[in-house]
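Listing of structure17.tsv; format and content: TSV, C-alpha atoms.
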chain	number	residue	atom	x	y	z
A	1	MET	CA	14.56	22.59	18.28
A	2	GLU	CA	17.95	22.87	19.97
A	3	ARG	CA	20.91	22.60	17.61
A	4	HIS	CA	24.64	22.39	18.19
A	5	VAL	CA	26.42	25.16	16.33
A	6	CYS	CA	30.18	25.62	16.35
A	7	ALA	CA	30.74	29.06	17.95
A	8	ASP	CA	33.73	29.77	15.71
A	9	CYS	CA	32.74	28.57	12.27
A	10	GLY	CA	28.96	28.34	12.46
A	11	TRP	CA	28.89	24.69	11.47
A	12	VAL	CA	25.41	23.42	12.27
A	13	HIS	CA	25.34	19.90	13.62
A	14	TYR	CA	21.93	18.41	12.91
A	15	ASP	CA	21.21	15.88	15.57
A	16	ASN	CA	19.43	13.14	13.69
A	17	PRO	CA	17.82	10.18	15.38
A	18	LYS	CA	20.23	7.25	15.63
A	19	ILE	CA	19.67	3.70	14.49
A	20	VAL	CA	20.46	0.74	16.71
A	21	VAL	CA	20.47	-2.72	15.13
A	22	GLY	CA	20.52	-6.01	16.99
A	23	SER	CA	18.87	-9.35	17.56
A	24	VAL	CA	17.32	-11.81	19.87
A	25	VAL	CA	19.82	-14.58	19.21
A	26	THR	CA	18.77	-18.10	20.09
A	27	PHE	CA	20.40	-21.51	20.05
A	28	GLU	CA	17.87	-24.30	20.43
A	29	ASP	CA	15.70	-22.83	23.20
A	30	LYS	CA	18.38	-20.69	24.77
A	31	PHE	CA	18.97	-16.94	24.54
A	32	LEU	CA	22.35	-15.30	23.98
A	33	LEU	CA	22.92	-12.35	26.30
A	34	CYS	CA	25.95	-10.14	26.92
A	35	LYS	CA	26.92	-8.51	30.20
A	36	ARG	CA	27.92	-4.93	29.40
A	37	ALA	CA	31.54	-3.94	30.02
A	38	ILE	CA	30.81	-0.30	29.21
A	39	HIS	CA	28.60	2.51	30.41
A	40	PRO	CA	25.70	3.09	30.44
A	41	ARG	CA	24.38	0.10	32.42
A	42	LYS	CA	27.76	-1.54	32.87
A	43	GLY	CA	27.35	-4.96	34.51
A	44	PHE	CA	23.80	-5.44	33.23
A	45	TRP	CA	22.70	-7.93	30.58
A	46	THR	CA	21.76	-6.92	27.07
A	47	LEU	CA	21.11	-8.27	23.58
A	48	PRO	CA	23.89	-8.07	20.99
A	49	ALA	CA	23.06	-4.68	19.43
A	50	GLY	CA	24.66	-1.35	18.62
A	51	TYR	CA	24.76	1.63	16.30
A	52	LEU	CA	24.37	1.07	12.60
A	53	GLU	CA	27.41	2.32	10.69
A	54	GLN	CA	27.60	4.33	7.49
A	55	ASN	CA	27.02	2.35	4.27
A	56	GLU	CA	25.85	-0.74	6.14
A	57	THR	CA	22.55	-2.60	5.80
A	58	THR	CA	20.53	-3.07	8.98
A	59	ALA	CA	20.94	-6.86	8.74
A	60	ASP	CA	24.71	-6.61	8.23
A	61	GLY	CA	24.87	-4.27	11.22
A	62	ALA	CA	23.09	-6.79	13.43
A	63	ILE	CA	25.46	-9.55	12.25
A	64	ARG	CA	28.50	-7.34	12.94
A	65	GLU	CA	27.29	-6.43	16.43
A	66	ALA	CA	26.77	-10.08	17.39
A	67	TYR	CA	30.32	-10.77	16.28
A	68	GLU	CA	31.83	-7.73	18.02
A	69	GLU	CA	30.07	-8.23	21.33
A	70	ALA	CA	29.99	-12.00	21.53
A	71	THR	CA	32.22	-13.37	18.71
A	72	ALA	CA	28.96	-15.04	17.70
A	73	GLU	CA	28.14	-15.99	14.12
A	74	ILE	CA	24.45	-15.55	13.52
A	75	HIS	CA	21.91	-16.13	10.79
A	76	ILE	CA	19.17	-13.49	10.57
A	77	ARG	CA	15.69	-15.02	10.31
A	78	ASP	CA	13.32	-12.05	10.16
A	79	LEU	CA	12.40	-8.71	11.64
A	80	LEU	CA	11.14	-8.97	15.21
A	81	ALA	CA	10.49	-5.34	16.12
A	82	VAL	CA	11.06	-1.66	15.43
A	83	TYR	CA	11.20	0.42	18.61
A	84	SER	CA	11.14	4.21	18.85
A	85	VAL	CA	12.92	5.34	21.99
A	86	THR	CA	11.90	8.96	21.63
A	87	HIS	CA	13.52	10.50	24.72
A	88	ILE	CA	16.92	9.60	23.35
A	89	SER	CA	15.89	9.74	19.66
A	90	GLN	CA	16.79	6.16	18.91
A	91	VAL	CA	15.15	3.77	16.51
A	92	GLN	CA	15.99	0.16	17.37
A	93	ILE	CA	15.65	-2.42	14.62
A	94	MET	CA	15.65	-5.88	16.20
A	95	TYR	CA	15.82	-9.17	14.33
A	96	ARG	CA	15.11	-12.77	15.23
A	97	SER	CA	18.44	-14.56	14.71
A	98	ILE	CA	19.93	-17.99	15.13
A	99	LEU	CA	23.35	-18.72	16.57
A	100	LYS	CA	25.00	-20.95	13.98
A	101	GLU	CA	27.15	-22.89	16.45
A	102	PRO	CA	27.17	-22.76	20.26
A	103	GLU	CA	30.45	-20.87	20.16
A	104	PHE	CA	30.91	-17.41	21.61
A	105	SER	CA	33.06	-15.35	23.95
A	106	ALA	CA	33.10	-11.89	25.45
A	107	GLY	CA	34.09	-9.21	22.95
A	108	PRO	CA	35.74	-5.98	24.17
A	109	GLU	CA	32.41	-4.41	25.15
A	110	SER	CA	31.21	-7.43	27.12
A	111	LEU	CA	32.23	-8.82	30.51
A	112	GLU	CA	30.52	-12.17	29.93
A	113	VAL	CA	28.41	-13.82	27.27
A	114	GLU	CA	26.03	-16.63	28.11
A	115	LEU	CA	23.23	-18.78	26.71
A	116	PHE	CA	20.27	-18.77	29.08
A	117	ASP	CA	17.14	-20.89	29.29
A	118	TRP	CA	14.07	-18.64	29.41
A	119	ALA	CA	13.58	-19.26	33.14
A	120	GLU	CA	17.24	-18.53	33.86
A	121	ILE	CA	17.37	-15.14	32.13
A	122	PRO	CA	18.62	-12.58	34.68
A	123	TRP	CA	15.37	-10.60	34.57
A	124	ASN	CA	16.41	-8.41	37.48
A	125	ASP	CA	19.65	-7.44	35.82
A	126	LEU	CA	18.65	-6.50	32.28
A	127	ALA	CA	20.23	-3.34	30.91
A	128	PHE	CA	17.33	-1.68	29.10
A	129	PRO	CA	13.54	-1.89	28.82
A	130	THR	CA	13.80	-2.74	25.12
A	131	VAL	CA	15.75	-5.91	26.03
A	132	TYR	CA	12.76	-6.98	28.12
A	133	TRP	CA	10.34	-6.13	25.30
A	134	ALA	CA	12.31	-7.98	22.65
A	135	LEU	CA	12.67	-11.14	24.72
A	136	HIS	CA	8.98	-11.25	25.65
A	137	GLN	CA	7.76	-10.40	22.16
A	138	TYR	CA	10.06	-13.07	20.75
A	139	GLN	CA	8.60	-15.59	23.16
A	140	GLU	CA	5.09	-14.66	22.02
A	141	ILE	CA	5.78	-15.57	18.37
A	142	LYS	CA	8.53	-18.13	18.75
A	143	ASP	CA	6.58	-20.89	17.05
A	144	ARG	CA	5.31	-18.74	14.18
A	145	GLU	CA	6.88	-18.69	10.75
A	146	SER	CA	5.34	-15.32	9.88
A	147	PHE	CA	4.07	-12.46	12.05
A	148	THR	CA	3.70	-8.70	12.06
A	149	PRO	CA	6.74	-7.16	13.77
A	150	PHE	CA	6.23	-5.51	17.11
A	151	SER	CA	6.69	-1.91	18.12
A	152	ASN	CA	7.07	-0.37	21.59
A	153	ALA	CA	5.57	-2.35	24.44
A	154	VAL	CA	2.45	-0.92	26.06
A	155	GLY	CA	0.44	-1.64	29.20
A	156	ASP	CA	1.66	-4.30	31.56
A	157	MET	CA	4.76	-5.19	29.55
A	158	LEU	CA	5.83	-1.56	29.47
A	159	GLU	CA	5.23	-1.14	33.21
A	160	LYS	CA	7.26	-4.21	34.10
A	161	SER	CA	10.07	-3.22	31.78
A	162	LEU	CA	10.41	0.14	33.47
A	163	GLU	CA	11.11	-1.52	36.82
A	164	ILE	CA	14.39	-2.66	35.27
A	165	ILE	CA	15.86	0.79	35.04
A	166	ARG	CA	14.89	1.68	38.59
A	167	ARG	CA	17.48	-0.82	39.79
B	1	MET	CA	36.00	6.49	7.65
B	2	GLU	CA	35.83	10.13	6.60
B	3	ARG	CA	34.62	12.51	9.31
B	4	HIS	CA	33.75	16.19	9.31
B	5	VAL	CA	35.79	18.03	11.90
B	6	CYS	CA	35.49	21.75	12.58
B	7	ALA	CA	38.95	23.18	11.75
B	8	ASP	CA	38.72	25.77	14.52
B	9	CYS	CA	37.22	23.94	17.47
B	10	GLY	CA	37.81	20.28	16.64
B	11	TRP	CA	34.12	19.38	16.93
B	12	VAL	CA	33.73	15.97	15.35
B	13	HIS	CA	30.55	15.55	13.39
B	14	TYR	CA	29.70	11.84	13.29
B	15	ASP	CA	27.78	11.19	10.14
B	16	ASN	CA	25.23	8.65	11.25
B	17	PRO	CA	22.89	6.87	8.88
B	18	LYS	CA	19.63	8.76	8.48
B	19	ILE	CA	16.13	7.43	8.94
B	20	VAL	CA	13.41	8.06	6.37
B	21	VAL	CA	9.83	7.24	7.36
B	22	GLY	CA	6.89	7.05	5.01
B	23	SER	CA	4.02	4.97	3.67
B	24	VAL	CA	2.26	3.43	0.78
B	25	VAL	CA	-1.01	5.30	1.32
B	26	THR	CA	-4.12	3.83	-0.26
B	27	PHE	CA	-7.74	4.83	-0.56
B	28	GLU	CA	-9.91	1.97	-1.75
B	29	ASP	CA	-7.69	0.57	-4.52
B	30	LYS	CA	-5.90	3.80	-5.33
B	31	PHE	CA	-2.42	4.95	-4.40
B	32	LEU	CA	-1.53	8.42	-3.11
B	33	LEU	CA	1.54	9.85	-4.81
B	34	CYS	CA	3.20	13.27	-4.63
B	35	LYS	CA	5.07	15.03	-7.43
B	36	ARG	CA	8.23	16.48	-5.90
B	37	ALA	CA	8.60	20.25	-5.84
B	38	ILE	CA	12.17	20.03	-4.56
B	39	HIS	CA	15.47	18.55	-5.55
B	40	PRO	CA	16.59	15.83	-5.89
B	41	ARG	CA	14.23	14.38	-8.51
B	42	LYS	CA	12.04	17.46	-8.77
B	43	GLY	CA	9.02	16.76	-10.98
B	44	PHE	CA	9.06	13.00	-10.29
B	45	TRP	CA	6.49	11.08	-8.28
B	46	THR	CA	7.16	9.75	-4.80
B	47	LEU	CA	5.49	8.33	-1.72
B	48	PRO	CA	4.79	10.63	1.22
B	49	ALA	CA	8.02	10.15	3.19
B	50	GLY	CA	10.84	12.12	4.74
B	51	TYR	CA	13.40	12.34	7.53
B	52	LEU	CA	12.42	11.26	11.00
B	53	GLU	CA	12.78	14.11	13.48
B	54	GLN	CA	14.25	14.10	16.97
B	55	ASN	CA	11.99	12.66	19.70
B	56	GLU	CA	9.49	11.31	17.20
B	57	THR	CA	8.26	7.73	16.79
B	58	THR	CA	8.63	6.22	13.33
B	59	ALA	CA	4.83	5.94	12.98
B	60	ASP	CA	4.29	9.57	14.04
B	61	GLY	CA	6.94	10.62	11.53
B	62	ALA	CA	5.14	8.82	8.71
B	63	ILE	CA	1.83	10.47	9.73
B	64	ARG	CA	3.50	13.90	9.83
B	65	GLU	CA	5.11	13.46	6.41
B	66	ALA	CA	1.77	12.52	4.79
B	67	TYR	CA	0.28	15.66	6.25
B	68	GLU	CA	3.19	17.92	5.27
B	69	GLU	CA	3.50	16.68	1.71
B	70	ALA	CA	-0.14	16.01	0.87
B	71	THR	CA	-2.27	17.48	3.72
B	72	ALA	CA	-3.40	13.86	3.98
B	73	GLU	CA	-4.66	12.31	7.20
B	74	ILE	CA	-3.62	8.69	7.36
B	75	HIS	CA	-4.07	5.69	9.57
B	76	ILE	CA	-1.03	3.42	9.85
B	77	ARG	CA	-1.86	-0.27	9.37
B	78	ASP	CA	1.44	-2.09	9.68
B	79	LEU	CA	5.06	-2.19	8.67
B	80	LEU	CA	5.56	-2.86	4.96
B	81	ALA	CA	9.33	-2.75	4.59
B	82	VAL	CA	12.69	-1.68	5.95
B	83	TYR	CA	15.12	-0.68	3.21
B	84	SER	CA	18.85	-0.07	3.60
B	85	VAL	CA	20.04	2.38	0.95
B	86	THR	CA	23.69	1.93	1.75
B	87	HIS	CA	25.32	4.27	-0.77
B	88	ILE	CA	23.60	7.22	0.90
B	89	SER	CA	23.44	5.62	4.38
B	90	GLN	CA	19.68	5.78	4.64
B	91	VAL	CA	17.34	3.38	6.36
B	92	GLN	CA	13.79	3.73	5.04
B	93	ILE	CA	10.98	2.50	7.24
B	94	MET	CA	7.83	2.19	5.13
B	95	TYR	CA	4.34	1.50	6.43
B	96	ARG	CA	1.09	0.36	4.86
B	97	SER	CA	-1.35	3.22	5.53
B	98	ILE	CA	-4.91	4.16	4.75
B	99	LEU	CA	-6.07	7.59	3.69
B	100	LYS	CA	-8.92	8.40	6.09
B	101	GLU	CA	-10.87	10.58	3.64
B	102	PRO	CA	-10.21	11.25	-0.06
B	103	GLU	CA	-9.01	14.73	0.81
B	104	PHE	CA	-5.53	16.00	0.03
B	105	SER	CA	-3.63	18.83	-1.61
B	106	ALA	CA	-0.06	19.69	-2.50
B	107	GLY	CA	2.00	20.70	0.53
B	108	PRO	CA	5.00	23.05	0.10
B	109	GLU	CA	7.30	20.23	-1.05
B	110	SER	CA	4.85	18.88	-3.65
B	111	LEU	CA	3.79	20.20	-7.05
B	112	GLU	CA	0.79	17.88	-7.27
B	113	VAL	CA	-0.79	15.12	-5.25
B	114	GLU	CA	-2.94	12.45	-6.86
B	115	LEU	CA	-4.70	9.15	-6.24
B	116	PHE	CA	-3.79	6.65	-8.95
B	117	ASP	CA	-5.22	3.30	-9.94
B	118	TRP	CA	-2.44	0.72	-10.10
B	119	ALA	CA	-2.44	0.75	-13.91
B	120	GLU	CA	-2.33	4.55	-13.99
B	121	ILE	CA	0.70	4.94	-11.72
B	122	PRO	CA	3.31	7.01	-13.60
B	123	TRP	CA	5.84	4.18	-13.62
B	124	ASN	CA	8.17	6.02	-15.96
B	125	ASP	CA	8.27	9.06	-13.72
B	126	LEU	CA	8.89	7.66	-10.26
B	127	ALA	CA	11.45	9.51	-8.18
B	128	PHE	CA	13.36	6.67	-6.53
B	129	PRO	CA	13.85	2.90	-6.83
B	130	THR	CA	12.46	2.41	-3.31
B	131	VAL	CA	9.13	3.92	-4.46
B	132	TYR	CA	8.96	1.19	-7.10
B	133	TRP	CA	9.86	-1.50	-4.53
B	134	ALA	CA	7.31	-0.33	-1.98
B	135	LEU	CA	4.45	-0.16	-4.48
B	136	HIS	CA	5.17	-3.62	-5.91
B	137	GLN	CA	5.77	-5.23	-2.53
B	138	TYR	CA	2.53	-3.68	-1.27
B	139	GLN	CA	0.69	-5.13	-4.25
B	140	GLU	CA	2.12	-8.57	-3.48
B	141	ILE	CA	0.58	-8.66	0.04
B	142	LYS	CA	-2.37	-6.34	-0.37
B	143	ASP	CA	-4.93	-8.98	0.56
B	144	ARG	CA	-2.98	-10.31	3.54
B	145	GLU	CA	-3.69	-9.34	7.12
B	146	SER	CA	-0.25	-10.44	8.30
B	147	PHE	CA	3.05	-10.84	6.48
B	148	THR	CA	6.78	-10.58	7.05
B	149	PRO	CA	7.95	-7.09	6.07
B	150	PHE	CA	10.11	-6.76	3.01
B	151	SER	CA	13.65	-5.53	2.67
B	152	ASN	CA	15.56	-4.35	-0.40
B	153	ALA	CA	14.31	-5.65	-3.71
B	154	VAL	CA	16.50	-8.19	-5.48
B	155	GLY	CA	16.63	-9.74	-8.94
B	156	ASP	CA	14.14	-8.60	-11.52
B	157	MET	CA	12.40	-6.06	-9.29
B	158	LEU	CA	15.73	-4.43	-8.45
B	159	GLU	CA	16.76	-4.33	-12.12
B	160	LYS	CA	13.52	-2.73	-13.23
B	161	SER	CA	13.62	-0.20	-10.41
B	162	LEU	CA	17.08	0.96	-11.45
B	163	GLU	CA	15.78	1.92	-14.89
B	164	ILE	CA	13.83	4.66	-13.11
B	165	ILE	CA	16.86	6.64	-12.12
B	166	ARG	CA	18.41	6.43	-15.56
B	167	ARG	CA	15.65	8.71	-16.80

Using the file provided, produce a representation of the structure as structure tokens.
Amino acid sequence: MERHVCADCGWVHYDNPKIVVGSVVTFEDKFLLCKRAIHPRKGFWTLPAGYLEQNETTADGAIREAYEEATAEIHIRDLLAVYSVTHISQVQIMYRSILKEPEFSAGPESLEVELFDWAEIPWNDLAFPTVYWALHQYQEIKDRESFTPFSNAVGDMLEKSLEIIRR
Amino acid sequence: MERHVCADCGWVHYDNPKIVVGSVVTFEDKFLLCKRAIHPRKGFWTLPAGYLEQNETTADGAIREAYEEATAEIHIRDLLAVYSVTHISQVQIMYRSILKEPEFSAGPESLEVELFDWAEIPWNDLAFPTVYWALHQYQEIKDRESFTPFSNAVGDMLEKSLEIIRR
């Protein structure tokens, strides 16, 4: 395994996998998406999500990210999915959340924030495959009170999601 | 936030939360536990679990840990719980797993490995509160095919689990 070592002092930096926390945030039947103001994938649409901080619970992290990216106050319902994005060593913990009030605006990392009907979601301009997975998996269980959380998409859903990042 | 910076080269080491992956492993109605051969909590019983590695899925990590700690081959059923242990910035992702065959032995980080009936579990000698949570939460849903995964214990279960680490 490759490790970063400081050439002067020998400090070994262990590169641990990173944790991303976020949610599929809905209001009535609409989905809250943020257009990214930062690289990578600037100008593409994503879910409110970001890196978990030190000493933070995964749920609190998802609430913080929704506020930072969309000034949105959310209520976490339950765990939607745990994704392992192995090529970049990320674990994404995605919740099903409700927007408390239809009030939001673009935080510093967003160009725009919008509530979309399912059919109006900018499918051709999503930022990451996991955004596609989370939205479709949410849609699959949207009427269920209880379900087993999803993991990485496979088959057709995976194939379609990979078209996103070819754009 | 405190950060480690190399005094010579200025390398900033971002201390990200770490991901632990593991399982409640059962065979018929028995639970597979490992007595720790390493600090912290050497000599106390734990679930097969450990740090997720780079480029590894969370499920593969849990399978690897069961093999490393108990030479146990497991089949992952589903996600049992996601715990946020904020004071040490750990996220623990715990699965419900089945031991394929009743074959196991102590790996290098274990002193002993044993299958316990529920009533025989060494409750007074568990290594960590999250081991107590995972076992009890497993027991709560053991006959269910589908359930919403748990998060940190609260109330009475939390109180009882904290007695463990006072020993």

All file atoms of range 94-101 of chain A boxed axis-aligned, 3 Å per side, centre plus edges, as lines of an AutoDock Vina configuration file:
center_x = 21.1
center_y = -14.4
center_z = 15.3
size_x = 18.0
size_y = 23.0
size_z = 8.6

I'm after chain A in the frame of chain B: fit it by least squares over all Cα atoms matched in order, and give me the output as a compact mmCIF listing (two decimals) with C-alpha atoms, in the frame of the given file.
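Everything below was put into selection23.txt:
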# COMPACT_ATOMS: atom_id res chain seq x y z
CA MET A 1 35.95 6.30 7.79
CA GLU A 2 35.81 9.92 6.65
CA ARG A 3 34.64 12.36 9.32
CA HIS A 4 33.80 16.04 9.23
CA VAL A 5 35.88 17.93 11.76
CA CYS A 6 35.61 21.67 12.34
CA ALA A 7 39.06 23.06 11.44
CA ASP A 8 38.86 25.71 14.16
CA CYS A 9 37.40 23.97 17.17
CA GLY A 10 37.93 20.29 16.43
CA TRP A 11 34.26 19.44 16.76
CA VAL A 12 33.81 15.98 15.29
CA HIS A 13 30.60 15.54 13.36
CA TYR A 14 29.71 11.86 13.33
CA ASP A 15 27.77 11.18 10.21
CA ASN A 16 25.19 8.67 11.34
CA PRO A 17 22.86 6.89 8.96
CA LYS A 18 19.59 8.78 8.55
CA ILE A 19 16.09 7.44 8.99
CA VAL A 20 13.38 8.08 6.43
CA VAL A 21 9.79 7.24 7.39
CA GLY A 22 6.85 7.04 5.02
CA SER A 23 4.01 4.97 3.67
CA VAL A 24 2.24 3.44 0.79
CA VAL A 25 -1.02 5.29 1.31
CA THR A 26 -4.11 3.82 -0.29
CA PHE A 27 -7.74 4.82 -0.61
CA GLU A 28 -9.91 1.95 -1.80
CA ASP A 29 -7.67 0.56 -4.55
CA LYS A 30 -5.89 3.78 -5.35
CA PHE A 31 -2.40 4.95 -4.41
CA LEU A 32 -1.53 8.42 -3.12
CA LEU A 33 1.55 9.86 -4.81
CA CYS A 34 3.20 13.28 -4.62
CA LYS A 35 5.05 15.04 -7.41
CA ARG A 36 8.22 16.48 -5.89
CA ALA A 37 8.57 20.27 -5.82
CA ILE A 38 12.13 20.04 -4.52
CA HIS A 39 15.46 18.57 -5.52
CA PRO A 40 16.59 15.86 -5.85
CA ARG A 41 14.22 14.40 -8.47
CA LYS A 42 12.04 17.48 -8.72
CA GLY A 43 9.03 16.78 -10.96
CA PHE A 44 9.07 13.03 -10.28
CA TRP A 45 6.49 11.10 -8.27
CA THR A 46 7.15 9.78 -4.80
CA LEU A 47 5.47 8.33 -1.71
CA PRO A 48 4.77 10.64 1.23
CA ALA A 49 8.00 10.14 3.22
CA GLY A 50 10.81 12.13 4.79
CA TYR A 51 13.35 12.34 7.57
CA LEU A 52 12.36 11.25 11.04
CA GLU A 53 12.72 14.10 13.53
CA GLN A 54 14.18 14.09 17.02
CA ASN A 55 11.92 12.65 19.75
CA GLU A 56 9.41 11.30 17.24
CA THR A 57 8.19 7.73 16.80
CA THR A 58 8.57 6.22 13.34
CA ALA A 59 4.78 5.93 12.99
CA ASP A 60 4.22 9.55 14.05
CA GLY A 61 6.89 10.60 11.55
CA ALA A 62 5.09 8.82 8.72
CA ILE A 63 1.79 10.46 9.73
CA ARG A 64 3.45 13.90 9.85
CA GLU A 65 5.06 13.46 6.43
CA ALA A 66 1.75 12.50 4.80
CA TYR A 67 0.24 15.64 6.26
CA GLU A 68 3.14 17.91 5.28
CA GLU A 69 3.46 16.67 1.73
CA ALA A 70 -0.15 15.99 0.88
CA THR A 71 -2.31 17.45 3.71
CA ALA A 72 -3.45 13.84 3.96
CA GLU A 73 -4.72 12.28 7.18
CA ILE A 74 -3.66 8.67 7.33
CA HIS A 75 -4.12 5.65 9.55
CA ILE A 76 -1.06 3.40 9.83
CA ARG A 77 -1.91 -0.28 9.35
CA ASP A 78 1.41 -2.11 9.67
CA LEU A 79 5.04 -2.19 8.66
CA LEU A 80 5.54 -2.86 4.96
CA ALA A 81 9.32 -2.73 4.60
CA VAL A 82 12.68 -1.67 5.98
CA TYR A 83 15.12 -0.65 3.24
CA SER A 84 18.85 -0.03 3.64
CA VAL A 85 20.05 2.41 1.02
CA THR A 86 23.71 1.97 1.84
CA HIS A 87 25.33 4.32 -0.69
CA ILE A 88 23.60 7.24 0.96
CA SER A 89 23.41 5.65 4.45
CA GLN A 90 19.66 5.80 4.69
CA VAL A 91 17.32 3.40 6.41
CA GLN A 92 13.77 3.75 5.07
CA ILE A 93 10.94 2.53 7.27
CA MET A 94 7.81 2.20 5.14
CA TYR A 95 4.31 1.50 6.43
CA ARG A 96 1.08 0.35 4.85
CA SER A 97 -1.37 3.20 5.51
CA ILE A 98 -4.93 4.14 4.72
CA LEU A 99 -6.10 7.58 3.67
CA LYS A 100 -8.95 8.37 6.04
CA GLU A 101 -10.90 10.54 3.60
CA PRO A 102 -10.23 11.22 -0.09
CA GLU A 103 -9.05 14.71 0.78
CA PHE A 104 -5.57 15.98 0.01
CA SER A 105 -3.66 18.81 -1.62
CA ALA A 106 -0.09 19.68 -2.50
CA GLY A 107 1.97 20.68 0.53
CA PRO A 108 4.96 23.03 0.12
CA GLU A 109 7.26 20.23 -1.03
CA SER A 110 4.84 18.88 -3.63
CA LEU A 111 3.77 20.20 -7.03
CA GLU A 112 0.77 17.88 -7.27
CA VAL A 113 -0.80 15.10 -5.25
CA GLU A 114 -2.95 12.46 -6.87
CA LEU A 115 -4.70 9.14 -6.25
CA PHE A 116 -3.78 6.66 -8.97
CA ASP A 117 -5.21 3.30 -9.97
CA TRP A 118 -2.41 0.72 -10.13
CA ALA A 119 -2.39 0.76 -13.94
CA GLU A 120 -2.29 4.56 -14.02
CA ILE A 121 0.73 4.97 -11.74
CA PRO A 122 3.34 7.04 -13.62
CA TRP A 123 5.87 4.20 -13.62
CA ASN A 124 8.21 6.06 -15.95
CA ASP A 125 8.29 9.10 -13.72
CA LEU A 126 8.90 7.69 -10.24
CA ALA A 127 11.47 9.53 -8.15
CA PHE A 128 13.38 6.70 -6.50
CA PRO A 129 13.87 2.93 -6.79
CA THR A 130 12.47 2.42 -3.29
CA VAL A 131 9.15 3.93 -4.44
CA TYR A 132 8.98 1.20 -7.08
CA TRP A 133 9.87 -1.48 -4.51
CA ALA A 134 7.32 -0.32 -1.97
CA LEU A 135 4.48 -0.16 -4.47
CA HIS A 136 5.22 -3.61 -5.91
CA GLN A 137 5.78 -5.23 -2.53
CA TYR A 138 2.55 -3.68 -1.29
CA GLN A 139 0.72 -5.12 -4.27
CA GLU A 140 2.14 -8.57 -3.48
CA ILE A 141 0.61 -8.66 0.02
CA LYS A 142 -2.35 -6.36 -0.40
CA ASP A 143 -4.90 -9.00 0.52
CA ARG A 144 -2.97 -10.35 3.51
CA GLU A 145 -3.71 -9.39 7.08
CA SER A 146 -0.26 -10.46 8.29
CA PHE A 147 3.07 -10.85 6.48
CA THR A 148 6.79 -10.57 7.06
CA PRO A 149 7.94 -7.07 6.07
CA PHE A 150 10.11 -6.73 3.02
CA SER A 151 13.66 -5.51 2.70
CA ASN A 152 15.57 -4.30 -0.37
CA ALA A 153 14.34 -5.62 -3.69
CA VAL A 154 16.56 -8.14 -5.46
CA GLY A 155 16.70 -9.69 -8.92
CA ASP A 156 14.21 -8.56 -11.51
CA MET A 157 12.47 -6.03 -9.27
CA LEU A 158 15.77 -4.39 -8.43
CA GLU A 159 16.82 -4.28 -12.09
CA LYS A 160 13.58 -2.68 -13.20
CA SER A 161 13.67 -0.17 -10.38
CA LEU A 162 17.10 1.01 -11.41
CA GLU A 163 15.83 1.97 -14.87
CA ILE A 164 13.87 4.70 -13.10
CA ILE A 165 16.90 6.68 -12.08
CA ARG A 166 18.46 6.47 -15.53
CA ARG A 167 15.70 8.77 -16.77

Quick one: distance from CA of Trp45 in chain A to CA of Met157 in chain A in Å, one decimal?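 Atom-to-atom, CA of Trp45 in chain A and CA of Met157 in chain A are spaced 18.2 Å apart.
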
Excluding Val20 in chain B and any residue of its chain fewer than 6 positions from it, enumerate the residues within 9 Å of it, using all atoms listed in the file, and give them as a ChimeraX atom specification. /B:49-52,58,61-62,90-94

Interface, chain A side, toward chain B (6 Å; all atoms listed in the file) as a VMD selection string: chain A and resid 17 54 to 57 84 86 to 87 89 146 to 148

Around (7.0, 21.2, -1.3), as given in the file, which residues come within 7 Å? Count all atoms listed in the file and list them as a PDB file with C-alpha atoms, keeping the file's coordinate frame.
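New file result_3.pdb:
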ATOM      1  CA  ARG B  36       8.230  16.480  -5.900  1.00  0.00           C
ATOM      2  CA  ALA B  37       8.600  20.250  -5.840  1.00  0.00           C
ATOM      3  CA  ILE B  38      12.170  20.030  -4.560  1.00  0.00           C
ATOM      4  CA  GLU B  69       3.500  16.680   1.710  1.00  0.00           C
ATOM      5  CA  GLY B 107       2.000  20.700   0.530  1.00  0.00           C
ATOM      6  CA  PRO B 108       5.000  23.050   0.100  1.00  0.00           C
ATOM      7  CA  GLU B 109       7.300  20.230  -1.050  1.00  0.00           C
ATOM      8  CA  SER B 110       4.850  18.880  -3.650  1.00  0.00           C
ATOM      9  CA  LEU B 111       3.790  20.200  -7.050  1.00  0.00           C
TER      10      LEU B 111
END

One number please: CA of Val24 in chain A to CA of Ala134 in chain A, in Å, one decimal.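 Between these atoms lies a distance of 6.9 Å.
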
Interatomic distance, CA of Ser105 in chain B to CA of Ala70 in chain B (Å, one decimal):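 Interatomic distance, CA of Ser105 in chain B to CA of Ala70 in chain B: 5.1 Å.
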
Non-local contacts of His75 in chain A (8 Å; all atoms listed in the file; under 4 positions in same chain excluded) as an mmCIF file with C-alpha atoms, in the frame of the given file:
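Generated file (selection_18.cif):
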data_model
loop_
_atom_site.group_PDB
_atom_site.id
_atom_site.type_symbol
_atom_site.label_atom_id
_atom_site.label_comp_id
_atom_site.auth_asym_id
_atom_site.auth_seq_id
_atom_site.Cartn_x
_atom_site.Cartn_y
_atom_site.Cartn_z
ATOM 1 C CA ILE A 63 25.460 -9.550 12.250
ATOM 2 C CA SER A 97 18.440 -14.560 14.710
ATOM 3 C CA ILE A 98 19.930 -17.990 15.130
ATOM 4 C CA LEU A 99 23.350 -18.720 16.570
ATOM 5 C CA LYS A 100 25.000 -20.950 13.980
#

Choose the residue, out of A:Tyr132, A:Tyr138, A:Phe44, A:Phe116, that has the smallest atom-to-atom separation from Tyr95 in chain A; count only C-alpha atoms.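 Distance minimum relative to Tyr95 in chain A lands on A:Tyr138.
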
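Residue nearest Leu33 in chain B, chosen from B:Val113, B:Ala106, B:Leu158, B:Ile165 and counting only C-alpha atoms: B:Val113.
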